[in-house]
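Engineer: Pasting in a structure now, in C-alpha cells, and then I'll have a few things to ask.
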Amino acid sequence: MHDLNFIHFSMHKNGPQITHLAYADDIIIFSSGNSKSIKLVMKQIRNYEISSGKIVNKDKGFFLVGPKSCAYRINRIRNKTGFLDKSFPFTYLGCPIYIYRKRLSYFDNMTAKIIERLSGWQGNMLPCGGKMYPVSKKWCTSNSQAWKYLLWARDKCKNQIIWKINDGQCYFWWDNWTEMGPLAQLCPNFITRSTNKKKVKDFISNNIWDVQRLYNTLPSPVALHISSIKLGQCNKSDYAIWKATEDGHFSNGSAWHTIRKHKVTNAAIGTIWHKSIPFKQFFMCWRIYYGRVPLYKGLNISDSQNNADCLCCFVPKNETIQHVFAESN
Ligand SMILES: [Zn+2]
C-alpha cells in the first residue's frame with residue numbers, strides 16, 4: 001500500500017494509522033472508497049492469491065461502508081471487488097463491531113454465550129434451576145466450606161426479599177409475601193400434600209382474597225393478616241422488594257451489609273492504623289501492640305542459658321517489650 005495513488009482510510013491524526021488488521025486467516029483492510037484505492041487493494045489480494053496459492057473466499061468476504069453512503073457508491077464497490085456489502089454491527093472474533101452509540105443489543109450474542117457457560121455449572125450446583133426453596137434438597141456432606149458460606153449468605157439475603165402480589169404467581173408456602181417470612185416457616189404444621197405446591201393466586205378469586213379458603217388452610221390470626229394484605233393488579237407480575245434498601249432496589253452493597261459480621265473496633269488499633277502515619281511506623285507499632293517483636297520475652301525463650309539482658313541500658317535489665325520501648329535509657 002505504498003502506492004501514491006492509494007488513499008488511506010481516514011483516521012484521527014493523533015492515533016495510529018491502521019491499514020489492516022490480521023488474525024489467523026482473517027484480514028480486515030482499511031481503505032478509502034475511491035476507485036483507484038479499491039483497485040489497488042484488489043490487485044494486492046490477487047498478488048496474494050498468486051503467491052500463496054490460496055483463494056480468497058468471496059462468499060465469506062464482505063465490505064463495509066459508512067451508513068450514509070449512497071447506493072451508487074456501494075454498487076461501484078460491489079462491482080470492483082466482487083464482494084457483497086454488509087451493515088453494522090457485525091461480529092469479528094466474537095466481538096460486536098459497531099458505529100455510533102453502544103447498544104445493549106449488540107452484546108446479546110456475547111451475553112448469551114456467557115449465560116450458556118454459566119448455566120452449565122449452575123445446573124450442576126443449584127438444586128432447581130434459578131429459584132430455590134428452603135426445603136428443596138439436602139446437601140451432601142462433602143460440601144465445601146465456601147459453598148456452605150454461600151448458602152448461609154443466600155438464606156440471610158432471602159429474608160430481605162418481600163414479594164408484592166399482583167398476579168399471585170408466588171409460591172404460597174415458600175415465598176415471603178406476607179412480610180412475616182415464608183408461611184412454611186411460620187406455620188409448618190399446616191402444610192398438606194395437596195396444598196404444598198399451591199400458588200398465591202389459588203387463594204384469590206376475582207382479585208379478592210378467598211377468605212374462606214385462607215381460614216381453612218391457615219391458623220386464624222395468619223389468615224386474618226393475609227386478608228388485610230392489599231392485592232395489586234392481576235394483569236401484572238408479582239414483584240420483589242429488597243428490604244435492605246430504602247427504595248426497595250437491590251444493591252450489592254446492601255447485600256454485603258446484610259451478611260457481614262461487624263467486629264468490635266479496637267480503639268487503640270484505630271489510633272495506630274492511621275492514614276497520616278507512615279506505613280513503616282504504624283506496622284512497627286502494630287507489631288509492638290501484639291507483642292510480635294523478636295525480644296527474649298516476646299519469643300518466649302525460657303532457656304535460662306540464654307542471656308535475657310537488654311543491650312539498651314548501661315545496667316542491663318530484663319529485655320521485655322515494656323522495658324525496651326517504654327522504660328529503657
Ligand atoms: Zn535496657
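Scheme for the C-alpha cells: letters A, B, ... for chains in order shown; per-chain residue numbers from 1; ligand numbers from 1 in order shown.
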Using DSSP on the backbone, list every residue of range 174-324 of chain A that comes out as strand (DSSP E or B), and give them as JSON, numbers by chain.
Structural biologist: {"A": [199, 204, 205, 208, 209, 239, 240, 241, 242, 309, 318]}
Engineer: Can you tell me, as a ChimeraX atom specification, what residues are no more than 10 Å from Arg46 in chain A when counting only C-alpha atoms, ignoring any on the same chain fewer than 6 positions away?
Structural biologist: /A:40,52,54-56
Engineer: Next, write the just-selected residues to a file, as a CSV table (one decimal), in the first residue's frame, keeping N, CA and C atoms as the atom set.
Structural biologist:
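After the write, again.csv holds the following:
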```csv
chain,number,residue,atom,x,y,z
A,40,LEU,N,-6.3,-0.9,-6.2
A,40,LEU,CA,-5.0,-1.3,-5.7
A,40,LEU,C,-5.2,-2.4,-4.6
A,52,SER,N,0.5,-17.2,-2.8
A,52,SER,CA,0.3,-18.2,-1.8
A,52,SER,C,-0.4,-19.4,-2.3
A,54,LYS,N,-3.5,-19.6,-2.4
A,54,LYS,CA,-4.8,-19.7,-1.7
A,54,LYS,C,-5.7,-18.7,-2.3
A,55,ILE,N,-7.0,-19.1,-2.4
A,55,ILE,CA,-8.0,-18.2,-3.0
A,55,ILE,C,-8.8,-17.5,-1.9
A,56,VAL,N,-9.0,-16.2,-2.0
A,56,VAL,CA,-9.9,-15.5,-1.0
A,56,VAL,C,-11.3,-15.9,-1.3
```
Engineer: Residues up to 7 Å from ligand 1, counting only C-alpha atoms and all ligand atoms: could you list those as a VMD selection string?
Structural biologist: chain A and resid 310 to 313 316 to 317 319 323 to 324 328 to 329
Engineer: Hey, can you spit out that residue selection with N, CA and C atoms as a PDB file, in the first residue's frame?
Structural biologist:
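Below is the file result-v6.pdb, written as the result:
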```
ATOM      1  N   CYS A 310      19.022  -6.852  78.418  1.00  0.00           N
ATOM      2  CA  CYS A 310      18.878  -5.927  77.291  1.00  0.00           C
ATOM      3  C   CYS A 310      20.237  -5.346  76.898  1.00  0.00           C
ATOM      4  N   LEU A 311      20.278  -4.753  75.707  1.00  0.00           N
ATOM      5  CA  LEU A 311      21.511  -4.134  75.224  1.00  0.00           C
ATOM      6  C   LEU A 311      21.396  -2.620  75.238  1.00  0.00           C
ATOM      7  N   CYS A 312      20.224  -2.134  75.713  1.00  0.00           N
ATOM      8  CA  CYS A 312      19.980  -0.696  75.575  1.00  0.00           C
ATOM      9  C   CYS A 312      20.383   0.116  76.802  1.00  0.00           C
ATOM     10  N   CYS A 313      20.628  -0.557  77.907  1.00  0.00           N
ATOM     11  CA  CYS A 313      20.887   0.212  79.124  1.00  0.00           C
ATOM     12  C   CYS A 313      22.317   0.013  79.639  1.00  0.00           C
ATOM     13  N   PRO A 316      22.286  -3.499  82.393  1.00  0.00           N
ATOM     14  CA  PRO A 316      21.305  -4.307  81.639  1.00  0.00           C
ATOM     15  C   PRO A 316      20.152  -4.789  82.506  1.00  0.00           C
ATOM     16  N   LYS A 317      18.988  -4.730  81.905  1.00  0.00           N
ATOM     17  CA  LYS A 317      17.789  -5.205  82.611  1.00  0.00           C
ATOM     18  C   LYS A 317      17.134  -6.280  81.752  1.00  0.00           C
ATOM     19  N   GLU A 319      14.970  -7.991  79.147  1.00  0.00           N
ATOM     20  CA  GLU A 319      14.535  -7.431  77.854  1.00  0.00           C
ATOM     21  C   GLU A 319      13.071  -7.771  77.561  1.00  0.00           C
ATOM     22  N   HIS A 323      10.035  -2.852  78.713  1.00  0.00           N
ATOM     23  CA  HIS A 323      11.314  -2.242  79.030  1.00  0.00           C
ATOM     24  C   HIS A 323      11.925  -1.542  77.808  1.00  0.00           C
ATOM     25  N   VAL A 324      12.038  -2.265  76.707  1.00  0.00           N
ATOM     26  CA  VAL A 324      12.750  -1.735  75.530  1.00  0.00           C
ATOM     27  C   VAL A 324      12.071  -0.497  74.956  1.00  0.00           C
ATOM     28  N   SER A 328      13.447   1.975  78.801  1.00  0.00           N
ATOM     29  CA  SER A 328      14.898   1.884  78.659  1.00  0.00           C
ATOM     30  C   SER A 328      15.553   3.270  78.576  1.00  0.00           C
ATOM     31  N   ASN A 329      16.890   3.248  78.721  1.00  0.00           N
ATOM     32  CA  ASN A 329      17.628   4.514  78.598  1.00  0.00           C
ATOM     33  C   ASN A 329      17.701   4.968  77.150  1.00  0.00           C
TER      34      ASN A 329
END
```
Engineer: Identify, on the basis of only C-alpha atoms, every residue whose closest approach to Ile29 in chain A does not exceed 7 Å; exclude the query and any residue fewer than 4 positions from it along the same chain; express the result as a VMD selection string.
Structural biologist: chain A and resid 19 to 21
Engineer: Next, write the just-selected residues to a file, as a compact mmCIF listing (two decimals), in the first residue's frame, keeping N, CA and C atoms as the atom set.
Structural biologist:
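Result file is selection.txt:
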```
# COMPACT_ATOMS: atom_id res chain seq x y z
N THR A 19 -3.79 0.27 8.49
CA THR A 19 -4.15 -0.11 7.12
C THR A 19 -4.85 -1.45 7.09
N HIS A 20 -4.49 -2.32 8.03
CA HIS A 20 -5.16 -3.62 8.06
C HIS A 20 -5.01 -4.26 9.44
N LEU A 21 -5.90 -5.17 9.75
CA LEU A 21 -5.81 -5.98 10.97
C LEU A 21 -5.89 -7.43 10.52
```
Engineer: Sorted by chain and rising residue number, which residues of range 4-43 of chain A lie within 10 Å of range 92-100 of chain A, and what are their closest atom pairs and distances in Å to one decimal, counting only C-alpha atoms, as a tab-separated table?
Structural biologist:
```
residue	atom	partner	partner_atom	distance
A:Tyr23	CA	A:Leu93	CA	8.7
A:Asp26	CA	A:Leu93	CA	9.3
A:Ile28	CA	A:Tyr92	CA	9.7
```
Engineer: So the first atom is CA of Ala146 in chain A and the second is CA of Gly181 in chain A; what is the distance between them in Å, to one decimal place?
Structural biologist: 25.9 Å
Engineer: Could you jot down the CA of Lys243 in chain A to CA of Gln160 in chain A separation for me, Å, one decimal place?
Structural biologist: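 Those two atoms sit 4.9 Å apart.
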Engineer: Leaving out range 247-249 of chain A and any residue of its chain fewer than 5 positions from it, which residues lie within 12 Å of it when counting only C-alpha atoms, given as a ChimeraX atom specification?
Structural biologist: /A:160-164,239-242,254-255
Engineer: Could you write those residues out with C-alpha atoms, as a compact mmCIF listing (two decimals), in the first residue's frame?
Structural biologist:
```
# COMPACT_ATOMS: atom_id res chain seq x y z
CA GLN A 160 -34.54 -9.43 52.76
CA ILE A 161 -36.80 -10.18 49.80
CA ILE A 162 -40.51 -9.47 50.08
CA TRP A 163 -42.91 -10.23 47.27
CA LYS A 164 -45.69 -7.85 46.40
CA TYR A 239 -42.51 -8.13 42.07
CA ALA A 240 -39.81 -8.38 44.65
CA ILE A 241 -38.86 -5.65 47.09
CA TRP A 242 -35.41 -5.60 48.63
CA SER A 254 -26.73 -3.55 50.95
CA ALA A 255 -26.46 -7.32 50.46
```
Engineer: Using only C-alpha atoms, which residue out of A:Ser10, A:Ser51, A:Ser251, A:Thr320 lies closest to Pro294 in chain A?
Structural biologist: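 Going through A:Ser10, A:Ser51, A:Ser251, A:Thr320 one by one, the smallest distance to Pro294 in chain A is for A:Thr320.
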Engineer: Report the residues of range 82-219 of chain A whose backbone DSSP state falls under helix (DSSP H, G or I), written as number ranges by chain.
Structural biologist: A: 104-125, 145-158, 183-186, 188-190, 200-203, 211-217
Engineer: Excluding same-chain residues fewer than 2 positions from range 85-87 of chain A, what lies within 7 Å of it counting only C-alpha atoms, as a ChimeraX atom specification?
Structural biologist: /A:62-64,83,89
Engineer: Using only C-alpha atoms, which residues sit within 8 Å of Thr81 in chain A once same-chain residues fewer than 4 positions away are excluded, as a list in words?
Structural biologist: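 That gives Ile38, Lys39, Met42 and Ile77 of chain A.
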Engineer: Determine, counting only C-alpha atoms, which protein, DNA and RNA residues have an atom within 8 Å of an atom of range 149-156 of chain A; residues of the same chain fewer than 4 positions away are not included. Present the result as a PyMOL selection string.
Structural biologist: chain A and resi 145+160+258-259
